[in-house]
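Okay, final.cif is below, mmCIF, C-alpha atoms:
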data_coords
loop_
_atom_site.label_atom_id
_atom_site.label_comp_id
_atom_site.auth_asym_id
_atom_site.auth_seq_id
_atom_site.Cartn_x
_atom_site.Cartn_y
_atom_site.Cartn_z
CA MET A 214 0.00 0.00 0.00
CA LYS A 215 1.14 3.52 -0.78
CA LYS A 216 1.29 5.94 2.08
CA SER A 217 -1.73 8.21 2.13
CA MET A 218 -1.83 11.97 2.53
CA SER A 219 -2.74 11.44 6.19
CA ILE A 220 1.01 11.27 6.80
CA LEU A 221 1.42 14.74 5.39
CA LEU A 222 -1.46 16.00 7.48
CA GLY A 223 0.46 14.86 10.52
CA PHE A 224 3.31 17.25 9.76
CA VAL A 225 3.95 20.21 11.97
CA LEU A 226 4.30 23.56 10.22
CA ILE A 227 6.57 25.96 12.06
CA ALA A 228 7.34 29.59 11.28
CA ALA A 229 10.54 30.44 13.12
CA SER A 230 12.39 33.24 11.39
CA ILE A 231 14.14 36.35 12.54
CA HIS A 232 10.84 38.19 12.06
CA PRO A 233 8.31 36.73 14.53
CA ALA A 234 5.29 37.50 12.33
CA ALA A 235 6.85 36.06 9.17
CA GLY A 236 7.73 32.61 7.97
CA MET A 237 8.10 30.49 4.86
CA VAL A 238 5.50 27.74 4.70
CA LEU A 239 4.57 24.90 2.37
CA TYR A 240 1.13 24.47 0.87
CA ASN A 241 -0.46 22.24 -1.80
CA THR A 242 1.56 19.27 -0.55
CA ALA A 243 1.11 15.95 -2.34
CA GLN A 244 2.78 12.59 -2.91
CA ILE A 245 4.08 12.50 -6.47
CA THR A 246 5.43 8.93 -6.73
CA THR A 247 2.05 7.26 -7.14
CA SER A 248 3.08 4.09 -9.04
CA GLU A 249 2.92 0.92 -6.95
CA GLU A 250 6.19 -0.21 -8.59
CA CYS A 251 8.23 2.87 -7.67
CA PHE A 252 11.41 1.96 -5.77
CA LEU A 253 13.28 5.17 -5.02
CA TYR A 254 16.58 5.18 -3.18
CA GLY A 255 16.09 8.77 -1.97
CA SER A 256 19.70 9.90 -1.66
CA PRO A 257 20.41 13.65 -1.96
CA ASP A 258 21.36 13.49 -5.65
CA SER A 259 19.21 10.57 -6.85
CA PHE A 260 16.34 12.93 -7.70
CA ALA A 261 16.01 16.52 -8.85
CA VAL A 262 13.38 19.12 -9.72
CA SER A 263 13.59 21.75 -12.46
CA GLY A 264 10.69 23.91 -13.57
CA GLN A 265 7.56 21.77 -13.44
CA LYS A 266 9.26 18.38 -13.73
CA THR A 267 10.85 15.98 -11.26
CA VAL A 268 13.15 13.09 -12.23
CA TRP A 269 14.59 10.28 -10.14
CA VAL A 270 16.73 7.13 -10.18
CA ASP A 271 14.51 4.06 -9.73
CA TYR A 272 15.46 0.48 -8.78
CA ARG A 273 12.17 -1.30 -9.48
CA ASP A 274 13.81 -3.64 -12.01
CA PRO A 275 14.14 -7.09 -10.34
CA SER A 276 17.75 -7.25 -11.58
CA GLY A 277 18.55 -4.06 -9.67
CA THR A 278 19.48 -2.15 -12.83
CA PRO A 279 18.85 1.56 -12.23
CA GLN A 280 16.24 3.27 -14.38
CA LEU A 281 15.18 6.90 -14.78
CA PHE A 282 11.61 8.10 -14.39
CA GLY A 283 9.92 11.47 -14.09
CA VAL A 284 6.63 13.24 -13.45
CA CYS A 285 5.18 16.61 -14.37
CA LEU A 286 4.26 18.55 -11.25
CA ASP A 287 1.38 20.31 -13.03
CA ASP A 288 -0.19 16.92 -13.85
CA PRO A 289 -2.89 16.42 -11.17
CA ASN A 290 -2.49 12.64 -11.51
CA PHE A 291 1.34 12.69 -11.39
CA THR A 292 1.49 10.14 -14.20
CA GLU A 293 5.09 8.97 -14.39
CA PHE A 294 7.04 8.75 -17.65
CA SER A 295 10.03 6.55 -18.43
CA ILE A 296 13.29 8.25 -19.40
CA ASP A 297 15.84 5.42 -19.54
CA THR A 298 15.17 1.77 -18.68
CA ASN A 299 18.85 0.76 -18.65
CA ALA A 300 20.95 3.27 -16.73
CA LEU A 301 23.53 0.91 -15.28
CA GLY A 302 26.00 2.83 -13.14
CA THR A 303 23.63 5.73 -12.54
CA TYR A 304 23.73 6.96 -8.95
CA ALA A 305 22.88 10.65 -9.31
CA VAL A 306 21.25 13.08 -11.71
CA ALA A 307 21.66 16.74 -12.57
CA PHE A 308 18.60 18.40 -14.07
CA SER A 309 18.13 21.62 -16.01
CA ASP A 310 14.83 21.25 -17.83
CA PRO A 311 14.64 19.76 -20.44
CA PHE A 312 18.08 18.13 -19.99
CA VAL A 313 18.81 15.35 -17.50
CA LEU A 314 22.49 14.52 -17.04
CA TYR A 315 23.67 11.28 -15.45
CA THR A 316 26.52 8.78 -15.45
CA PHE A 317 26.24 5.22 -16.73
CA THR A 318 28.43 2.29 -17.65
CA GLU A 319 28.23 -0.30 -20.41
CA GLY A 320 29.09 -2.98 -17.88
CA TYR A 321 31.45 -3.40 -14.96
CA PRO A 322 34.39 -2.77 -14.79
CA SER A 323 33.93 -0.41 -17.74
CA PRO A 324 34.50 3.30 -16.93
CA LEU A 325 31.71 5.73 -16.25
CA LEU A 326 30.30 7.57 -19.24
CA LEU A 327 27.90 10.50 -19.41
CA LYS A 328 24.44 10.57 -20.92
CA VAL A 329 21.98 13.40 -21.54
CA ALA A 330 18.24 12.83 -21.81
CA ASP A 331 16.25 15.56 -23.55
CA ILE A 332 12.74 15.31 -22.04
CA GLN A 333 11.20 18.33 -23.72
CA VAL A 334 8.61 15.77 -24.88
CA PRO A 335 8.40 13.54 -21.78
CA SER A 336 6.80 10.66 -23.68
CA ALA A 337 9.64 10.62 -26.22
CA PRO A 338 12.99 11.29 -24.51
CA VAL A 339 16.04 11.72 -26.74
CA LEU A 340 19.22 10.15 -25.32
CA THR A 341 22.75 11.30 -26.19
CA GLN A 342 25.84 9.43 -25.02
CA ILE A 343 28.98 11.41 -24.13
CA THR A 344 32.44 9.88 -23.72
CA PRO A 345 34.22 11.96 -21.05
CA LEU A 346 37.92 12.73 -21.10
CA ILE A 347 38.47 11.10 -17.68
CA ASN A 348 37.48 7.66 -16.37
CA ASP A 349 36.50 8.62 -12.82
CA ILE A 350 33.76 11.23 -12.53
CA TYR A 351 33.34 12.55 -8.99
CA ASP A 352 30.72 15.23 -9.63
CA PHE A 353 28.90 16.85 -12.54
CA ASP A 354 26.28 19.48 -13.40
CA ILE A 355 24.34 20.87 -16.36
CA ALA A 356 22.84 24.27 -17.12
CA ASP A 357 21.22 25.11 -20.42
CA ASN A 358 23.57 23.62 -23.03
CA LEU A 359 26.70 23.46 -20.88
CA ILE A 360 28.02 20.45 -18.95
CA VAL A 361 30.81 20.39 -16.37
CA TYR A 362 32.35 17.46 -14.52
CA CYS A 363 35.42 16.76 -12.40
CA GLY A 364 37.57 13.93 -11.12
CA PRO A 365 41.09 12.48 -11.14
CA ASP A 366 42.67 12.07 -14.57
CA SER A 367 44.33 8.65 -14.83
CA GLN A 368 46.11 9.81 -18.00
CA ASN A 369 47.72 12.74 -16.16
CA GLU A 370 49.17 11.35 -12.90
CA TYR A 371 45.64 11.29 -11.41
CA LEU A 372 45.60 15.05 -11.03
CA TYR A 373 42.11 16.35 -10.31
CA THR A 374 40.70 18.03 -13.39
CA VAL A 375 37.69 20.18 -14.30
CA LEU A 376 36.22 19.70 -17.76
CA ALA A 377 33.35 21.14 -19.79
CA VAL A 378 31.24 20.02 -22.74
CA ASP A 379 29.44 22.40 -25.07
CA PHE A 380 26.11 20.67 -25.74
CA ASN A 381 24.64 23.23 -28.13
CA ASP A 382 24.93 20.75 -31.00
CA PRO A 383 24.55 17.15 -29.73
CA ASN A 384 25.97 15.91 -33.03
CA ASN A 385 29.12 18.00 -32.65
CA LEU A 386 30.10 18.03 -28.98
CA GLN A 387 32.98 20.30 -27.97
CA HIS A 388 35.17 19.18 -25.03
CA PHE A 389 37.37 21.52 -22.98
CA VAL A 390 39.83 21.12 -20.11
CA ILE A 391 39.08 24.04 -17.79
CA ASP A 392 41.52 23.58 -14.89
CA THR A 393 43.87 21.07 -13.29
CA ALA A 394 44.49 21.07 -9.54
CA PRO A 395 48.01 20.88 -8.07
CA SER A 396 49.31 17.45 -7.06
CA ASP A 397 48.62 18.13 -3.37
CA ALA A 398 44.94 19.02 -3.90
CA TYR A 399 41.67 17.31 -4.72
CA ILE A 400 38.26 18.40 -6.02
CA SER A 401 35.04 16.83 -4.72
CA THR A 402 32.24 19.09 -5.96
CA ILE A 403 31.32 21.25 -8.93
CA ALA A 404 28.22 23.29 -9.77
CA LEU A 405 26.93 25.49 -12.59
CA ASP A 406 25.18 28.85 -12.36
CA GLY A 407 24.45 29.75 -15.98
CA PRO A 408 27.88 29.95 -17.63
CA PHE A 409 29.69 30.13 -14.27
CA ALA A 410 31.30 26.94 -12.95
CA VAL A 411 32.21 26.78 -9.24
CA TRP A 412 34.22 24.07 -7.50
CA ASN A 413 36.35 23.45 -4.42
CA GLU A 414 40.07 22.84 -4.23
CA ILE A 415 41.16 21.26 -0.94
CA HIS A 416 44.88 21.01 -0.24
CA ARG A 417 46.38 18.40 2.05
CA GLU A 418 48.23 21.18 3.82
CA GLY A 419 47.39 24.85 3.82
CA PRO A 420 44.18 26.72 3.05
CA SER A 421 41.32 25.56 0.83
CA PHE A 422 40.03 27.47 -2.19
CA VAL A 423 36.85 28.04 -4.14
CA LYS A 424 37.46 28.49 -7.85
CA ILE A 425 35.12 30.21 -10.30
CA ALA A 426 35.26 30.04 -14.09
CA ASP A 427 33.23 32.13 -16.51
CA LEU A 428 32.59 29.66 -19.33
CA THR A 429 30.83 32.03 -21.70
CA ASN A 430 33.64 31.01 -24.02
CA PRO A 431 34.74 27.58 -22.71
CA ALA A 432 37.80 27.64 -24.96
CA GLN A 433 39.06 30.69 -23.04
CA PRO A 434 37.65 30.46 -19.50
CA GLN A 435 37.99 33.49 -17.23
CA MET A 436 39.25 32.19 -13.90
CA ALA A 437 39.07 33.54 -10.35
CA SER A 438 39.67 31.99 -6.94
CA VAL A 439 38.93 32.74 -3.29
CA GLN A 440 41.04 31.53 -0.40
CA LEU A 441 38.87 30.32 2.48
CA PRO A 442 39.70 31.36 6.06
CA ASP A 443 41.93 29.05 8.06
CA GLY A 444 40.09 25.99 9.36
CA ILE A 445 37.16 26.28 6.90
CA THR A 446 36.63 23.85 4.03
CA PHE A 447 33.79 23.41 1.53
CA ASP A 448 33.12 19.84 0.40
CA GLY A 449 29.75 20.43 -1.29
CA ILE A 450 28.79 23.52 -3.32
CA GLU A 451 25.50 24.67 -4.89
CA VAL A 452 25.07 27.97 -6.79
CA SER A 453 22.13 29.90 -8.21
CA GLU A 454 21.68 33.48 -9.42
CA ASN A 455 25.00 34.64 -7.93
CA ASN A 456 24.16 32.99 -4.58
CA LEU A 457 26.34 30.20 -3.17
CA ALA A 458 25.50 27.63 -0.52
CA ALA A 459 28.05 25.11 0.74
CA ARG A 460 28.35 22.15 3.04
CA GLY A 461 31.63 22.20 4.89
CA SER A 462 33.32 22.34 8.24
CA GLN A 463 35.13 24.70 10.55
CA ASN A 464 37.86 22.99 12.53
CA TRP A 465 36.12 19.66 11.77
CA ARG A 466 32.72 20.86 12.97
CA PRO A 467 30.04 20.43 10.25
CA CYS A 468 28.56 23.72 9.05
CA LEU A 469 26.47 25.17 6.25
CA TYR A 470 27.67 28.38 4.63
CA ALA A 471 26.33 30.96 2.19
CA VAL A 472 27.86 33.74 0.10
CA LYS A 473 25.83 36.47 -1.55
CA ASN A 474 27.25 37.83 -4.82
CA TYR A 475 29.94 35.13 -4.87
CA ARG A 476 31.22 36.28 -8.29
CA SER A 477 32.59 39.44 -6.61
CA THR A 478 35.61 37.55 -5.35
CA GLU A 479 37.16 40.60 -3.68
CA GLU A 480 34.15 41.13 -1.42
CA TRP A 481 33.28 37.70 -0.05
CA ASN A 482 31.28 37.65 3.19
CA ILE A 483 30.85 34.04 4.32
CA LEU A 484 27.66 33.54 6.37
CA THR A 485 27.29 30.51 8.65
CA PHE A 486 23.58 29.71 8.65
CA TRP A 487 23.75 26.29 10.34
CA ARG A 488 26.24 24.65 12.68
CA GLU A 489 26.05 21.16 14.14
CA ALA A 490 24.75 21.43 17.68
CA GLY A 491 26.56 18.61 19.40
CA SER A 492 24.26 15.66 20.10
CA ASP A 493 21.09 17.70 19.49
CA GLU A 494 21.07 18.11 15.70
CA TYR A 495 22.90 16.48 12.81
CA LEU A 496 22.98 17.26 9.11
CA VAL A 497 21.24 14.67 6.92
CA SER A 498 21.54 16.30 3.49
CA GLY A 499 21.91 19.60 1.72
CA PRO A 500 22.21 22.33 0.99
CA LYS A 501 20.21 22.83 -2.21
CA ILE A 502 19.65 26.33 -3.53
CA ASP A 503 17.50 28.25 -6.00
CA GLY A 504 17.88 32.02 -6.06
CA PRO A 505 18.21 33.23 -2.46
CA ILE A 506 16.44 30.21 -0.91
CA VAL A 507 18.43 27.34 0.60
CA LEU A 508 17.12 23.94 1.75
CA TRP A 509 18.67 21.33 4.01
CA VAL A 510 17.58 18.38 6.16
CA VAL A 511 18.62 17.69 9.74
CA THR A 512 17.76 15.09 12.34
CA THR A 513 17.17 15.96 15.95
CA ARG A 514 15.77 14.35 19.08
CA ALA A 515 12.23 14.76 20.32
CA PRO A 516 11.81 15.86 23.98
CA ALA A 517 11.51 12.90 26.33
CA ALA A 518 7.95 12.14 27.42
CA ALA A 519 7.51 12.50 31.19
CA ASP A 520 5.70 9.17 31.55
CA ILE A 521 8.30 7.19 29.60
CA GLY A 522 11.24 7.94 31.80
CA THR A 523 13.82 7.15 29.12
CA LEU A 524 16.78 9.04 27.76
CA GLN A 525 16.51 7.37 24.33
CA ASN A 526 14.24 9.79 22.47
CA GLU A 527 12.90 9.15 18.98
CA PRO A 528 14.76 11.05 16.23
CA ILE A 529 12.85 13.62 14.19
CA SER A 530 13.93 14.75 10.75
CA GLN A 531 13.33 18.36 9.76
CA LEU A 532 13.28 20.10 6.41
CA LYS A 533 14.64 23.61 6.89
CA ALA A 534 15.03 26.68 4.70
CA ALA A 535 16.93 29.95 4.76
CA TYR A 536 16.24 33.11 2.78
CA LEU A 537 19.63 34.69 2.13
CA LEU A 538 19.81 38.39 2.93
CA ASN A 539 22.71 40.68 2.09
CA SER A 540 24.17 40.63 5.58
CA SER A 541 22.17 38.07 7.57
CA VAL A 542 20.00 34.97 7.20
CA SER A 543 16.33 34.40 7.94
CA VAL A 544 15.75 30.77 8.87
CA SER A 545 12.45 28.88 9.04
CA THR A 546 11.68 25.26 9.85
CA LEU A 547 9.28 24.21 7.13
CA LEU A 548 7.97 20.85 8.36
CA THR A 549 8.85 17.95 10.62
CA ALA A 550 8.02 14.24 10.54
CA SER A 551 8.29 11.90 13.49
CA ALA A 552 9.84 8.43 13.41
CA PRO A 553 9.63 5.92 11.85
CA ASP A 554 9.36 8.04 8.68
CA GLN A 555 12.32 10.23 7.84
CA ILE A 556 13.01 13.05 5.40
CA PHE A 557 16.15 12.09 3.50
CA ALA A 558 16.77 14.92 1.05
CA ALA A 559 15.10 17.85 -0.73
CA ASP A 560 15.46 19.95 -3.86
CA ILE A 561 13.99 23.27 -5.00
CA SER A 562 13.17 24.99 -8.28
CA GLY A 563 11.40 28.34 -8.20
CA ARG A 564 8.76 27.90 -5.50
CA GLN A 565 8.46 24.14 -5.99
CA ILE A 566 10.04 21.91 -3.35
CA VAL A 567 10.39 18.13 -3.70
CA TRP A 568 11.61 15.88 -0.90
CA SER A 569 12.11 12.16 -0.28
CA MET A 570 10.55 10.61 2.79
CA GLY A 571 9.60 7.30 4.34
CA PRO A 572 11.06 4.18 5.86
CA TRP A 573 14.06 2.82 3.99
CA GLU A 574 12.04 -0.02 2.45
CA GLN A 575 9.53 2.33 0.78
CA ILE A 576 10.80 5.85 0.13
CA GLU A 577 8.46 8.20 -1.73
CA LEU A 578 8.71 11.67 -3.25
CA TYR A 579 6.50 14.54 -2.12
CA LYS A 580 6.09 18.07 -3.39
CA GLY A 581 4.92 21.37 -1.97
CA SER A 582 4.73 24.99 -3.06
CA LEU A 583 6.72 27.50 -1.03
CA GLU A 584 4.90 30.61 0.15
CA LEU A 585 6.90 33.62 1.29
CA GLU A 586 5.49 36.14 3.73
CA CYS A 587 6.24 39.81 4.22
CA GLY A 588 9.44 40.16 6.22
CA ASP A 589 11.02 36.82 5.27
CA TRP A 590 13.71 38.76 3.40
CA GLY A 591 13.91 41.74 5.80
CA TYR A 592 12.58 45.29 5.58
CA LYS A 593 13.80 48.39 3.79
CA PRO A 594 15.02 51.13 6.17
CA GLY A 595 12.12 53.37 5.12
CA ASP A 596 9.47 50.69 5.71
CA ILE A 597 8.38 52.16 9.04
CA ASN A 598 5.10 50.23 9.32
CA LYS A 599 6.74 47.03 8.05
CA ASP A 600 4.19 46.22 5.35
CA CYS A 601 6.95 45.58 2.76
CA LEU A 602 6.10 48.79 0.91
CA VAL A 603 7.81 52.17 1.21
CA ASN A 604 5.09 54.67 0.40
CA LEU A 605 3.03 57.57 1.80
CA ALA A 606 1.81 55.38 4.66
CA ASP A 607 5.38 55.31 6.00
CA LEU A 608 5.65 59.07 5.54
CA ALA A 609 2.42 59.45 7.55
CA CYS A 610 3.95 57.35 10.35
CA LEU A 611 7.02 59.58 10.32
CA ALA A 612 4.94 62.78 10.33
CA GLN A 613 2.74 61.52 13.16
CA ASN A 614 5.75 61.40 15.45
CA TRP A 615 7.65 64.37 14.03
CA LEU A 616 9.95 66.02 16.59
CA THR A 617 8.93 63.63 19.38
CA CYS A 618 11.78 62.24 21.41
CA THR A 619 12.58 59.61 24.02
CA THR A 620 15.78 61.07 25.46
CA PRO A 621 15.73 60.63 29.26
CA ASP A 622 16.07 63.58 31.64
CA GLN A 623 15.20 66.16 28.96
CA PRO A 624 12.26 68.59 29.31
CA ASP A 625 9.13 67.76 27.27
CA CYS A 626 10.57 64.42 26.20
CA GLU A 627 8.57 61.25 26.82
CA PHE A 628 10.81 58.36 27.78
CA GLY A 629 9.66 54.86 27.02
CA PHE A 630 6.83 55.73 24.62
#
Can you present the structure in this file as structure tokens?
Amino acid sequence: MKKSMSILLGFVLIAASIHPAAGMVLYNTAQITTSEECFLYGSPDSFAVSGQKTVWVDYRDPSGTPQLFGVCLDDPNFTEFSIDTNALGTYAVAFSDPFVLYTFTEGYPSPLLLKVADIQVPSAPVLTQITPLINDIYDFDIADNLIVYCGPDSQNEYLYTVLAVDFNDPNNLQHFVIDTAPSDAYISTIALDGPFAVWNEIHREGPSFVKIADLTNPAQPQMASVQLPDGITFDGIEVSENNLAARGSQNWRPCLYAVKNYRSTEEWNILTFWREAGSDEYLVSGPKIDGPIVLWVVTTRAPAAADIGTLQNEPISQLKAAYLLNSSVSVSTLLTASAPDQIFAADISGRQIVWSMGPWEQIELYKGSLELECGDWGYKPGDINKDCLVNLADLACLAQNWLTCTTPDQPDCEFGF
């Protein structure tokens, strides 16, 4: 039996941001994996949402061969469509509608290859195979008609290398080597934000770096790099609309970071919007980002019930979000689900959020629409009445209290009003 929407109705919606009256919430929630045969793994990169479509890696085949399926979120019946029924070696997908990028192999121990599925017509996907220039692909991404991937190059002393593929003409693919890391460094993550590729470079000794390449002309990439502060490393990076979110650590303590306007490499201001809280809260997956909104999943412990008298509390998984401001972060807990069901991962596109949830033996995908409230992204200095508009109403508030003061011990000055 598929889980019913009664599970979703049992969720707790919480609005806990820096503005007490504001909060991002989910509405129009629904289960989107409705096929009885669906067998989703639910890892952070095994599904993705872009525009009004969601795709995922599926293991329903009795042989265990991975397959790719998808649904249209604007289809009220969430009728799934098949993308690739033989995606051996696929463990993750990158999705930029209508292109789905994933790895596959022609059989073990053959090397990993790349494949692109064009699902502009979901019922008739067009598959294109790409032979990469390296055998080991650690991470990859796609945006519009550009592909990037990274990994150690066995043909070049296993130096970690960043490569790009121009996919404008699938019949005439153009391959480019963008960067090669020094022998004492490795690369674990890469992401695309339009023509901008962003990846980490972690050195065995010394500081870590974030590198940025403008690939408007992949044959002549424009490179920049940022040295991270001592003790800070990024091991997972997501970028969108000049916003960066990263999973990393500070002196081995897991953290989530954000950078507004990351392309301005001379003016980086690294914001820490989540830090592991000892035994109280652990990171499950994330971050994922679209525009200024970041998602991540944590697990925490429920308060002990007084009549149980036990210290072993049930874990609760929480899907959280942050709206990135210029100098601070507004954080809201979107929803929580008690054991035995868990939230494993989430992704976002526009105002659509998709997350995986369930017991390990039957993980499903759910979707919800994100609603932002006034104040979630702060207030302009002139917004005196805090209605998210600066207009004559604010001028009236100013005029109403013109020349009043609250300076103590001064004649004709009301203190505390």
Could you list, as a list in words, every residue within 8 Å of region 497-502 of chain A, counting only C-alpha atoms and ignoring same-chain residues fewer than 3 positions away?
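Contacts, with the query itself left out: Pro257, Ile450, Glu451, Val452, Ser453, Leu457, Ala458, Ala459, Arg460, Leu469, Pro505, Ile506, Val507, Leu508, Trp509, Val510, Val511, Thr512, Phe557, Ala558, Ala559, Asp560 and Ile561 of chain A.
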The PyMOL selection byres ((chain A and resi 409) around 10) on the file shown: which residues, as a PyMOL selection string?
chain A and resi 356+359+404-408+410-411+425-429+434-436+452-455+476
Based on the selection just made, write C-alpha atoms of those residues as a compact mmCIF listing (two decimals), in the frame of the given file.
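Here's the written file again_37.txt:
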# COMPACT_ATOMS: atom_id res chain seq x y z
CA ALA A 356 22.84 24.27 -17.12
CA LEU A 359 26.70 23.46 -20.88
CA ALA A 404 28.22 23.29 -9.77
CA LEU A 405 26.93 25.49 -12.59
CA ASP A 406 25.18 28.85 -12.36
CA GLY A 407 24.45 29.75 -15.98
CA PRO A 408 27.88 29.95 -17.63
CA ALA A 410 31.30 26.94 -12.95
CA VAL A 411 32.21 26.78 -9.24
CA ILE A 425 35.12 30.21 -10.30
CA ALA A 426 35.26 30.04 -14.09
CA ASP A 427 33.23 32.13 -16.51
CA LEU A 428 32.59 29.66 -19.33
CA THR A 429 30.83 32.03 -21.70
CA PRO A 434 37.65 30.46 -19.50
CA GLN A 435 37.99 33.49 -17.23
CA MET A 436 39.25 32.19 -13.90
CA VAL A 452 25.07 27.97 -6.79
CA SER A 453 22.13 29.90 -8.21
CA GLU A 454 21.68 33.48 -9.42
CA ASN A 455 25.00 34.64 -7.93
CA ARG A 476 31.22 36.28 -8.29
Between A:Asn604, A:Ser263, A:Ser569, A:Thr242, which is the closest to Pro289 (chain A) once you count all atoms listed in the file?
A:Thr242
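In this structure, CA of Glu527 (chain A) sits 11.2 Å away from CA of Gln555 (chain A).
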List the residues selected by the PyMOL selection byres ((chain A and resi 400) around 6) in the file shown, writing them as a PyMOL selection string.
chain A and resi 399+401+413-414
Rounded to one decimal place, report the CA of Ser421 (chain A)-CA of Val361 (chain A) distance in Å.
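These atoms are spaced 20.8 Å apart.
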